[in-house]
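Coordinates as given in work03.cif (mmCIF, C-alpha atoms and all ligand atoms):
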```cif
data_protein
loop_
_atom_site.label_atom_id
_atom_site.label_comp_id
_atom_site.auth_asym_id
_atom_site.auth_seq_id
_atom_site.Cartn_x
_atom_site.Cartn_y
_atom_site.Cartn_z
CA MET A 1393 -11.94 -2.80 16.94
CA SER A 1394 -14.79 -0.62 15.72
CA ALA A 1395 -17.30 -2.38 13.46
CA GLY A 1396 -18.62 0.87 11.93
CA GLN A 1397 -19.00 1.10 8.17
CA GLY A 1398 -17.30 -2.04 6.87
CA ARG A 1399 -13.97 -3.81 6.90
CA VAL A 1400 -10.73 -2.25 5.71
CA PHE A 1401 -7.71 -4.16 4.40
CA SER A 1402 -4.46 -2.73 3.09
CA GLY A 1403 -0.76 -3.54 3.04
CA MET A 1404 2.74 -2.36 2.17
CA GLN A 1405 5.65 -4.35 0.85
CA SER A 1406 8.66 -4.96 3.05
CA THR A 1407 11.09 -4.22 0.26
CA HIS A 1408 12.91 -1.24 1.81
CA SER A 1409 12.03 1.34 4.45
CA LEU A 1410 8.88 3.34 3.77
CA HIS A 1411 8.86 6.80 2.19
CA LEU A 1412 6.74 9.92 2.16
CA GLY A 1413 4.69 8.56 -0.78
CA ASN A 1414 3.64 5.53 1.25
CA TYR A 1415 2.86 7.82 4.20
CA LEU A 1416 0.81 10.48 2.39
CA GLY A 1417 -0.69 8.17 -0.25
CA ALA A 1418 -1.88 5.47 2.11
CA MET A 1419 -0.80 5.51 5.76
CA ILE A 1420 -2.48 8.78 6.75
CA ASN A 1421 -5.81 7.34 5.60
CA TRP A 1422 -5.16 4.02 7.33
CA VAL A 1423 -4.77 5.82 10.64
CA LYS A 1424 -7.97 7.82 10.14
CA MET A 1425 -10.02 4.80 9.09
CA GLN A 1426 -9.38 3.14 12.44
CA GLU A 1427 -11.95 5.58 13.84
CA THR A 1428 -14.76 4.36 11.63
CA HIS A 1429 -13.94 0.84 10.39
CA GLU A 1430 -12.70 -2.54 11.48
CA CYS A 1431 -9.16 -2.46 10.05
CA ILE A 1432 -6.67 -5.13 9.01
CA TYR A 1433 -3.19 -3.92 8.05
CA CYS A 1434 -0.67 -6.31 6.61
CA ILE A 1435 3.04 -6.25 5.83
CA VAL A 1436 2.93 -7.97 2.47
CA ASP A 1437 6.19 -9.90 2.67
CA LEU A 1438 5.07 -12.50 0.10
CA HIS A 1439 4.70 -9.66 -2.39
CA ALA A 1440 8.18 -8.45 -1.44
CA VAL A 1441 9.78 -11.68 -2.70
CA THR A 1442 8.40 -11.23 -6.22
CA VAL A 1443 11.73 -9.42 -6.72
CA ALA A 1444 15.08 -10.66 -5.32
CA GLN A 1445 15.42 -10.30 -1.52
CA ASP A 1446 18.29 -11.00 0.84
CA PRO A 1447 16.88 -13.05 3.78
CA LYS A 1448 18.64 -10.91 6.41
CA THR A 1449 17.43 -7.64 4.91
CA LEU A 1450 13.91 -9.02 4.43
CA GLN A 1451 13.70 -9.82 8.12
CA SER A 1452 14.78 -6.35 9.23
CA ASN A 1453 12.58 -4.71 6.59
CA ILE A 1454 9.50 -6.57 7.84
CA ARG A 1455 10.16 -5.32 11.37
CA GLU A 1456 10.91 -1.81 10.17
CA VAL A 1457 7.66 -1.61 8.20
CA ALA A 1458 5.78 -2.90 11.26
CA ALA A 1459 7.53 -0.23 13.35
CA ALA A 1460 6.55 2.44 10.80
CA TYR A 1461 2.91 1.31 11.01
CA LEU A 1462 2.90 1.63 14.79
CA ALA A 1463 4.91 4.85 14.86
CA SER A 1464 2.51 6.46 12.36
CA GLY A 1465 -0.46 5.80 14.64
CA LEU A 1466 -1.79 2.33 13.89
CA ASP A 1467 -3.12 0.84 17.09
CA ALA A 1468 -2.40 -2.90 17.41
CA LYS A 1469 -5.27 -3.41 19.85
CA ARG A 1470 -7.86 -1.73 17.72
CA SER A 1471 -6.58 -2.97 14.34
CA ILE A 1472 -5.08 -6.28 13.24
CA ILE A 1473 -1.40 -5.87 12.24
CA PHE A 1474 0.52 -8.88 10.90
CA ASN A 1475 2.85 -10.12 8.18
CA GLN A 1476 1.33 -11.94 5.24
CA SER A 1477 3.63 -14.99 5.23
CA GLN A 1478 2.27 -16.03 8.64
CA VAL A 1479 -1.24 -16.62 7.30
CA PRO A 1480 -0.97 -19.34 4.60
CA GLN A 1481 -4.53 -18.74 3.41
CA HIS A 1482 -3.29 -15.70 1.41
CA ALA A 1483 -1.17 -17.93 -0.83
CA GLU A 1484 -3.84 -20.61 -0.99
CA LEU A 1485 -6.57 -18.21 -2.08
CA ALA A 1486 -4.14 -16.60 -4.54
CA TRP A 1487 -3.78 -19.98 -6.26
CA ILE A 1488 -7.54 -20.28 -6.55
CA PHE A 1489 -7.70 -16.75 -7.97
CA ASN A 1490 -4.95 -17.65 -10.47
CA CYS A 1491 -7.51 -20.10 -11.79
CA VAL A 1492 -10.31 -17.50 -11.80
CA ALA A 1493 -8.42 -14.54 -13.32
CA ARG A 1494 -7.72 -14.55 -17.08
CA MET A 1495 -4.31 -14.14 -18.70
CA GLY A 1496 -5.67 -11.20 -20.68
CA TRP A 1497 -6.60 -9.37 -17.46
CA LEU A 1498 -3.10 -9.73 -16.02
CA ASN A 1499 -1.46 -8.87 -19.33
CA ARG A 1500 -3.02 -5.40 -19.04
CA MET A 1501 -1.47 -4.59 -15.64
CA THR A 1502 0.76 -1.55 -16.04
CA GLN A 1503 2.69 -2.13 -12.79
CA PHE A 1504 4.05 -5.43 -14.13
CA LYS A 1505 5.08 -3.72 -17.36
CA GLU A 1506 6.84 -0.95 -15.41
CA LYS A 1507 8.56 -3.27 -12.92
CA ALA A 1508 9.56 -5.95 -15.42
CA GLY A 1509 10.69 -3.34 -17.96
CA LYS A 1510 12.62 -4.72 -20.90
CA ASN A 1511 13.56 -7.79 -18.91
CA ARG A 1512 10.08 -9.33 -19.04
CA GLU A 1513 11.21 -12.87 -19.90
CA ASN A 1514 13.35 -12.87 -16.79
CA ALA A 1515 10.74 -11.46 -14.39
CA SER A 1516 9.42 -13.92 -11.81
CA VAL A 1517 6.05 -15.60 -12.33
CA GLY A 1518 5.24 -14.16 -8.89
CA LEU A 1519 5.70 -10.60 -10.18
CA PHE A 1520 3.24 -11.34 -12.99
CA ALA A 1521 0.74 -12.91 -10.59
CA TYR A 1522 1.20 -10.13 -7.98
CA PRO A 1523 -2.36 -8.78 -8.48
CA THR A 1524 -4.03 -12.17 -7.82
CA LEU A 1525 -2.19 -12.39 -4.49
CA MET A 1526 -3.33 -8.84 -3.74
CA ALA A 1527 -6.92 -9.87 -4.53
CA ALA A 1528 -6.50 -12.81 -2.14
CA ASP A 1529 -5.15 -10.52 0.61
CA ILE A 1530 -8.25 -8.37 0.41
CA LEU A 1531 -10.91 -10.99 -0.24
CA ALA A 1532 -9.70 -13.51 2.37
CA TYR A 1533 -11.13 -10.94 4.82
CA LYS A 1534 -14.09 -9.98 2.62
CA ALA A 1535 -12.84 -6.40 2.99
CA THR A 1536 -15.16 -3.66 1.73
CA HIS A 1537 -12.68 -0.75 1.60
CA VAL A 1538 -9.03 -0.59 0.53
CA PRO A 1539 -7.14 2.66 1.21
CA VAL A 1540 -4.25 2.89 -1.30
CA GLY A 1541 -2.29 5.35 -3.42
CA GLU A 1542 -3.41 6.06 -6.97
CA ASP A 1543 -0.91 3.56 -8.45
CA GLN A 1544 -2.92 0.67 -7.01
CA LYS A 1545 -6.21 1.63 -8.67
CA GLN A 1546 -5.83 -0.83 -11.54
CA HIS A 1547 -5.04 -3.71 -9.17
CA LEU A 1548 -8.16 -2.87 -7.18
CA GLU A 1549 -10.25 -2.99 -10.33
CA LEU A 1550 -8.82 -6.44 -11.04
CA THR A 1551 -9.70 -7.53 -7.49
CA ARG A 1552 -13.29 -6.47 -8.13
CA ASP A 1553 -13.31 -8.41 -11.43
CA ILE A 1554 -12.03 -11.54 -9.67
CA ALA A 1555 -14.64 -11.21 -6.89
CA GLN A 1556 -17.40 -10.75 -9.46
CA LYS A 1557 -16.27 -13.70 -11.59
CA PHE A 1558 -16.00 -16.00 -8.57
CA ASN A 1559 -19.51 -15.01 -7.43
CA THR A 1560 -20.87 -15.66 -10.94
CA ASP A 1561 -18.93 -18.84 -11.79
CA PHE A 1562 -19.91 -20.50 -8.52
CA ALA A 1563 -23.33 -18.89 -8.05
CA GLU A 1564 -25.17 -22.20 -7.92
CA SER A 1565 -22.83 -23.78 -5.39
CA ILE A 1566 -22.81 -20.58 -3.32
CA ALA A 1567 -26.62 -20.79 -3.15
CA ASP A 1568 -26.59 -24.56 -2.47
CA ASN A 1569 -24.35 -23.93 0.52
CA GLY A 1570 -26.68 -21.25 1.88
CA LEU A 1571 -24.14 -18.46 1.43
CA ASP A 1572 -24.69 -14.81 0.44
CA PRO A 1573 -25.01 -14.65 -3.40
CA ASP A 1574 -22.60 -11.67 -3.28
CA TYR A 1575 -20.17 -14.01 -1.56
CA PHE A 1576 -17.13 -11.78 -2.10
CA PRO A 1577 -17.92 -8.07 -1.73
CA LEU A 1578 -16.60 -5.82 -4.52
CA PRO A 1579 -14.12 -3.75 -2.49
CA GLU A 1580 -14.06 0.03 -2.91
CA PRO A 1581 -10.71 1.75 -3.41
CA VAL A 1582 -10.21 4.68 -1.02
CA ILE A 1583 -7.85 7.05 -2.82
CA THR A 1584 -8.02 10.37 -1.08
CA GLY A 1585 -5.95 13.32 0.16
CA ALA A 1586 -3.74 15.98 -1.42
CA ALA A 1587 -0.93 13.55 -2.30
CA THR A 1588 -2.35 10.33 -3.73
CA ARG A 1589 0.52 10.07 -6.21
CA VAL A 1590 3.77 11.45 -4.83
CA MET A 1591 6.45 11.84 -7.46
CA SER A 1592 10.24 11.45 -7.31
CA LEU A 1593 12.12 14.53 -6.07
CA ARG A 1594 14.52 14.09 -9.00
CA ASP A 1595 11.95 13.66 -11.76
CA GLY A 1596 8.35 14.85 -11.52
CA THR A 1597 7.22 12.27 -14.08
CA ASN A 1598 8.27 9.21 -12.01
CA LYS A 1599 6.54 7.94 -8.88
CA MET A 1600 8.45 8.21 -5.59
CA SER A 1601 9.40 4.60 -5.03
CA LYS A 1602 11.29 2.43 -2.53
CA SER A 1603 13.16 0.72 -5.33
CA ASP A 1604 14.41 3.89 -7.09
CA PRO A 1605 18.23 3.49 -7.07
CA SER A 1606 18.66 7.17 -6.09
CA ASP A 1607 18.02 7.81 -2.39
CA MET A 1608 17.80 11.53 -3.26
CA SER A 1609 14.57 10.75 -5.15
CA ARG A 1610 12.61 10.05 -1.99
CA ILE A 1611 12.19 11.12 1.62
CA ASN A 1612 12.37 8.04 3.79
CA MET A 1613 10.34 7.98 6.95
CA THR A 1614 13.56 7.36 8.89
CA ASP A 1615 15.57 10.21 7.33
CA SER A 1616 17.17 12.70 9.73
CA ALA A 1617 16.17 16.38 9.73
CA ASP A 1618 19.37 17.20 7.84
CA GLU A 1619 18.72 14.56 5.19
CA ILE A 1620 15.15 15.79 4.70
CA ALA A 1621 16.29 19.41 4.37
CA GLN A 1622 19.07 18.47 1.93
CA LYS A 1623 16.79 16.35 -0.28
CA ILE A 1624 14.19 19.11 -0.48
CA ARG A 1625 16.86 21.75 -1.15
CA LYS A 1626 18.16 19.66 -4.05
CA ALA A 1627 14.70 18.66 -5.35
CA ARG A 1628 14.28 19.44 -9.03
CA THR A 1629 12.16 22.51 -9.82
CA ASP A 1630 11.66 24.98 -12.66
CA PRO A 1631 12.81 28.63 -12.73
CA GLU A 1632 9.30 30.19 -12.43
CA PRO A 1633 7.81 31.46 -9.15
CA LEU A 1634 4.91 29.47 -7.69
CA PRO A 1635 1.53 30.14 -9.34
CA ASP A 1636 -1.47 31.66 -7.55
CA SER A 1637 -3.88 28.88 -8.45
CA VAL A 1638 -3.96 25.10 -8.90
CA GLU A 1639 -4.63 25.68 -12.61
CA GLY A 1640 -1.12 27.19 -12.85
CA LEU A 1641 0.45 23.88 -11.72
CA LYS A 1642 -0.50 22.17 -15.00
CA GLU A 1643 2.60 21.25 -17.04
CA ARG A 1644 4.72 21.95 -13.94
CA ALA A 1645 5.12 18.42 -12.57
CA GLU A 1646 7.81 19.21 -10.00
CA ALA A 1647 6.06 22.29 -8.62
CA ASP A 1648 2.78 20.38 -8.47
CA ASN A 1649 4.49 17.58 -6.55
CA LEU A 1650 6.09 19.85 -3.95
CA ILE A 1651 2.86 21.77 -3.39
CA GLY A 1652 1.02 18.44 -3.01
CA LEU A 1653 3.59 17.30 -0.45
CA TYR A 1654 3.12 20.46 1.59
CA ALA A 1655 -0.66 20.13 1.41
CA GLY A 1656 -0.53 16.45 2.44
CA LEU A 1657 1.78 17.16 5.36
CA ALA A 1658 -0.28 20.16 6.52
CA GLY A 1659 -3.58 18.28 6.12
CA THR A 1660 -4.90 20.88 3.70
CA ASP A 1661 -5.29 21.17 -0.08
CA LYS A 1662 -3.15 22.61 -2.88
CA ALA A 1663 -5.33 25.72 -3.27
CA ALA A 1664 -4.78 26.66 0.39
CA VAL A 1665 -1.01 26.20 0.04
CA LEU A 1666 -0.93 28.39 -3.07
CA LYS A 1667 -2.94 31.04 -1.26
CA GLU A 1668 -0.03 31.27 1.17
CA PHE A 1669 2.89 30.72 -1.23
CA GLY A 1670 1.57 31.89 -4.64
CA GLY A 1671 4.16 34.19 -6.25
CA ALA A 1672 6.98 32.97 -3.98
CA GLN A 1673 10.27 31.61 -5.33
CA PHE A 1674 11.24 28.00 -4.61
CA SER A 1675 14.10 29.39 -2.50
CA ALA A 1676 11.47 30.68 -0.07
CA PHE A 1677 9.07 27.75 -0.33
CA LYS A 1678 11.53 24.87 0.02
CA PRO A 1679 12.68 25.74 3.59
CA ALA A 1680 9.00 25.94 4.67
CA LEU A 1681 8.37 22.52 3.10
CA ALA A 1682 11.45 21.09 4.83
CA ASP A 1683 10.26 22.48 8.18
CA ILE A 1684 6.83 20.90 7.96
CA ALA A 1685 8.28 17.57 6.70
CA VAL A 1686 10.68 17.47 9.66
CA GLU A 1687 7.90 18.44 12.09
CA VAL A 1688 5.70 15.55 10.89
CA LEU A 1689 8.34 12.89 10.27
CA SER A 1690 10.85 13.40 13.11
CA PRO A 1691 8.67 12.04 15.92
CA ILE A 1692 7.72 9.07 13.71
CA ALA A 1693 11.37 8.35 12.89
CA GLY A 1694 12.26 8.51 16.61
CA GLU A 1695 9.55 5.99 17.44
CA ILE A 1696 10.64 3.68 14.57
CA ARG A 1697 14.16 3.73 15.99
CA ARG A 1698 12.90 2.92 19.48
CA LEU A 1699 10.74 0.04 18.28
CA THR A 1700 13.38 -1.53 16.02
CA ALA A 1701 16.08 -1.34 18.74
CA ASP A 1702 14.33 -4.24 20.52
CA PRO A 1703 12.23 -6.30 18.08
CA SER A 1704 10.48 -8.33 20.82
CA GLU A 1705 7.56 -5.85 21.07
CA ILE A 1706 7.07 -5.87 17.29
CA ASP A 1707 7.33 -9.66 17.08
CA SER A 1708 4.72 -10.10 19.76
CA ILE A 1709 2.34 -7.65 18.04
CA LEU A 1710 2.82 -9.45 14.70
CA GLY A 1711 2.25 -12.84 16.32
CA ASP A 1712 -0.99 -11.71 17.94
CA GLY A 1713 -2.13 -10.05 14.70
CA ALA A 1714 -1.42 -13.20 12.69
CA GLU A 1715 -3.58 -15.30 15.05
CA ARG A 1716 -6.47 -12.86 14.74
CA ALA A 1717 -6.10 -12.59 10.97
CA ALA A 1718 -5.85 -16.36 10.50
CA ALA A 1719 -9.11 -16.92 12.37
CA ILE A 1720 -10.93 -14.84 9.72
CA ALA A 1721 -9.01 -16.10 6.67
CA GLU A 1722 -9.34 -19.79 7.69
CA ALA A 1723 -13.13 -19.44 7.83
CA THR A 1724 -13.19 -17.87 4.34
CA LEU A 1725 -10.98 -20.58 2.84
CA LYS A 1726 -13.11 -23.31 4.36
CA GLU A 1727 -16.18 -21.83 2.66
CA VAL A 1728 -14.37 -21.23 -0.63
CA LYS A 1729 -13.14 -24.84 -0.79
CA THR A 1730 -16.61 -26.17 -0.02
CA VAL A 1731 -18.12 -23.92 -2.71
CA MET A 1732 -15.55 -25.15 -5.24
CA GLY A 1733 -16.21 -28.81 -4.46
CA PHE A 1734 -12.99 -29.88 -2.74
CA VAL A 1735 -13.30 -32.88 -0.39
CA ALA A 1736 -12.33 -32.01 3.18
CA SER A 1737 -10.56 -35.27 3.99
CA ARG A 1738 -8.45 -34.26 7.00
CA PRO A 1739 -10.13 -34.48 10.42
CA VAL A 1740 -10.44 -31.03 12.02
N1 LIG B 1 4.64 7.56 -4.70
C1 LIG B 1 3.53 7.20 -4.08
N2 LIG B 1 2.53 8.09 -3.90
C2 LIG B 1 1.38 7.75 -3.26
N3 LIG B 1 1.17 6.51 -2.76
C3 LIG B 1 2.15 5.59 -2.91
N4 LIG B 1 2.26 4.31 -2.54
C4 LIG B 1 3.46 3.82 -2.94
N5 LIG B 1 4.15 4.77 -3.57
C5 LIG B 1 3.37 5.88 -3.57
C6 LIG B 1 1.22 3.59 -1.83
O1 LIG B 1 1.81 2.97 -0.69
C7 LIG B 1 1.19 1.72 -0.47
C8 LIG B 1 2.20 0.63 -0.34
O2 LIG B 1 2.91 0.46 -1.55
P1 LIG B 1 3.81 -0.84 -1.70
O3 LIG B 1 4.94 -0.77 -0.79
O4 LIG B 1 3.02 -2.05 -1.54
O5 LIG B 1 4.27 -0.91 -3.17
P2 LIG B 1 4.46 0.10 -4.28
O6 LIG B 1 3.20 0.77 -4.61
O7 LIG B 1 5.09 -0.66 -5.38
O8 LIG B 1 5.46 1.13 -3.62
P3 LIG B 1 6.90 1.46 -4.07
O9 LIG B 1 7.50 2.46 -3.17
O10 LIG B 1 6.92 1.79 -5.52
O11 LIG B 1 7.64 0.11 -3.77
P4 LIG B 1 8.63 -0.69 -4.64
O12 LIG B 1 9.59 0.29 -5.20
O13 LIG B 1 9.25 -1.68 -3.69
O14 LIG B 1 7.81 -1.36 -5.70
C9 LIG B 1 0.20 1.49 -1.61
O15 LIG B 1 -1.08 1.83 -1.17
C10 LIG B 1 0.67 2.44 -2.66
O16 LIG B 1 -0.38 2.89 -3.48
#
```
As structure tokens, what does this structure read like?
Amino acid sequence: MSAGQGRVFSGMQSTHSLHLGNYLGAMINWVKMQETHECIYCIVDLHAVTVAQDPKTLQSNIREVAAAYLASGLDAKRSIIFNQSQVPQHAELAWIFNCVARMGWLNRMTQFKEKAGKNRENASVGLFAYPTLMAADILAYKATHVPVGEDQKQHLELTRDIAQKFNTDFAESIADNGLDPDYFPLPEPVITGAATRVMSLRDGTNKMSKSDPSDMSRINMTDSADEIAQKIRKARTDPEPLPDSVEGLKERAEADNLIGLYAGLAGTDKAAVLKEFGGAQFSAFKPALADIAVEVLSPIAGEIRRLTADPSEIDSILGDGAERAAAIAEATLKEVKTVMGFVASRPV
């Protein structure tokens, strides 16, 4: 683990297999940040059960997400990799944060509104409280940096508000216990790259999402070369040729999305892609996009298949990660409970 410039925490839900949005929006940065930071990467399976889950599918999804982490380049020796449900301090700190956060703060969360839709009365309490659990995930490790896609920006702001309110509400007790007055750091979102918000291939106004009922809307990290090529061939576009400059992508959501995907996969920016493809028809650009997507994703998909064929390696990595994560989170919870005035009655 490299100490470097602070501590990183991030996670993905084990709801379905991961897609290109998860990869370009977050994972690419997770891999890079291992070089400079101490990193903790979690499979947030407690978040996954805020919507209905079949126990058998949940189990295989957890292992598949773990496999995707490893196949994408996360190093289990250098970073801590584990699943959230194995470290009970996440849920415990989330309860405390439920008592710190205000109803008004959570009522403003757009992700809840989008996910609950018209069926709000029937959404789980867990889905509503999702952001306080996310705050607990991050702050149990006093993480300073959180690499995420753009959709998580609002939740990160809420995490900062919770950290700030805790530090203020309990300032006196924090000082009495000889702790840092900035007890919880205010974590910085790291939202960077050419594809921080990847959109659906079927509708450039909707985010690419694991839970979109149409599989044609997303490129899964385990898709075959043929599936990738077919999805890109059928991706929605407009009749115009590609513009010469990024300015020309305004009001062209689908074109903007596909150019962003190419840039993210090639590790470049949209301007550089348009320099090469400006003026081209989609019929010429789409095969090039499919080629680069297959080149990047095929080796990852192969490694995911290898790892999931025998889950013992994944299970052992997750077990080791959970031990290492728990050691940090237990220490935080002990301090938090002391600060809040709970009596520690059980012998240690
Ligand atoms: N479309 C996206 N573009 C860029 N980044 C994305 N992320 C997700 N979708 C995109 C980023 O991936 C990380 C993990 O996300 P998550 O699995 O915890 O939940 P999510 O954001 O709710 O992703 P989905 O695909 O929409 O899942 P479902 O459909 O299950 O709710 C985060 O850093 C996120 O920003």
Next item on the list: For ligand LIG 1 (chain B), list the contacting residues at 7 Å or closer, counting all atoms listed in the file, as a list in words.
Entry: Gly1403, Met1404, Gln1405, Ser1406, Thr1407, His1408, Gly1413, Asn1414, Tyr1415, Leu1416, Gly1417, Ala1418, Pro1539, Val1540, Gly1541, Glu1542, Asp1543, Gln1544, Ala1587, Thr1588, Arg1589, Val1590, Met1591, Lys1599, Met1600, Ser1601, Lys1602, Ser1603 and Asp1604 of chain A
Next item on the list: May I ask which of the residues A:Phe1489, A:Glu1687, A:Asn1511, A:Glu1564 is the closest one to Arg1552 of chain A, counting only C-alpha atoms?
Entry: A:Phe1489
Check: Which one of A:Ala1444, A:Ala1586, A:Ile1488, A:Ala1463 sits closest to Asn1421 of chain A if you count only C-alpha atoms?
Finding: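 Closest residue, counting only C-alpha atoms: A:Ala1586.
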Note to self: Taking all atoms listed in the file into account, name the residue in A:Tyr1522, A:Phe1576, A:Ser1708, A:Val1492 that is nearest to Val1441 of chain A.
What the structure shows: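 When distances to Val1441 of chain A are compared using all atoms listed in the file, the smallest one comes from A:Tyr1522.
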Next item on the list: Identify, on the basis of all atoms listed in the file, every residue whose closest approach to Trp1422 of chain A does not exceed 12 Å; exclude the query and any residue fewer than 3 positions from it along the same chain; express the result as a count of residues only.
Entry: 40
Check: What gap, in Å, lies between atom CA of Ala1693 of chain A and atom CA of Val1423 of chain A?
Finding: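 Computed distance, atom CA of Ala1693 of chain A to atom CA of Val1423 of chain A, equals 16.5 Å.
Nearest-residue note for Ile1420 of chain A: choosing from A:Thr1629, A:Gln1451, A:Ile1530, A:Gly1659, the minimum distance belongs to A:Gly1659, counting only C-alpha atoms.
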Notebook entry, point to check: Which is closer to Ala1458 of chain A than all the others in A:Ala1563, A:Cys1491, A:Ala1645, A:Ile1706, using only C-alpha atoms?
Noted result: A:Ile1706
Item checked: Option closest in space to Gln1673 of chain A, from A:Ile1709, A:Ala1567, A:Leu1689, A:Leu1634 [counting all atoms listed in the file] ->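 Closest to Gln1673 of chain A, using all atoms listed in the file: A:Leu1634.
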Margin query: As an exercise, work out the distance from atom CA of Asp1618 of chain A to atom CA of Thr1597 of chain A in Å and give it to one decimal place.
Written below: 25.5 Å
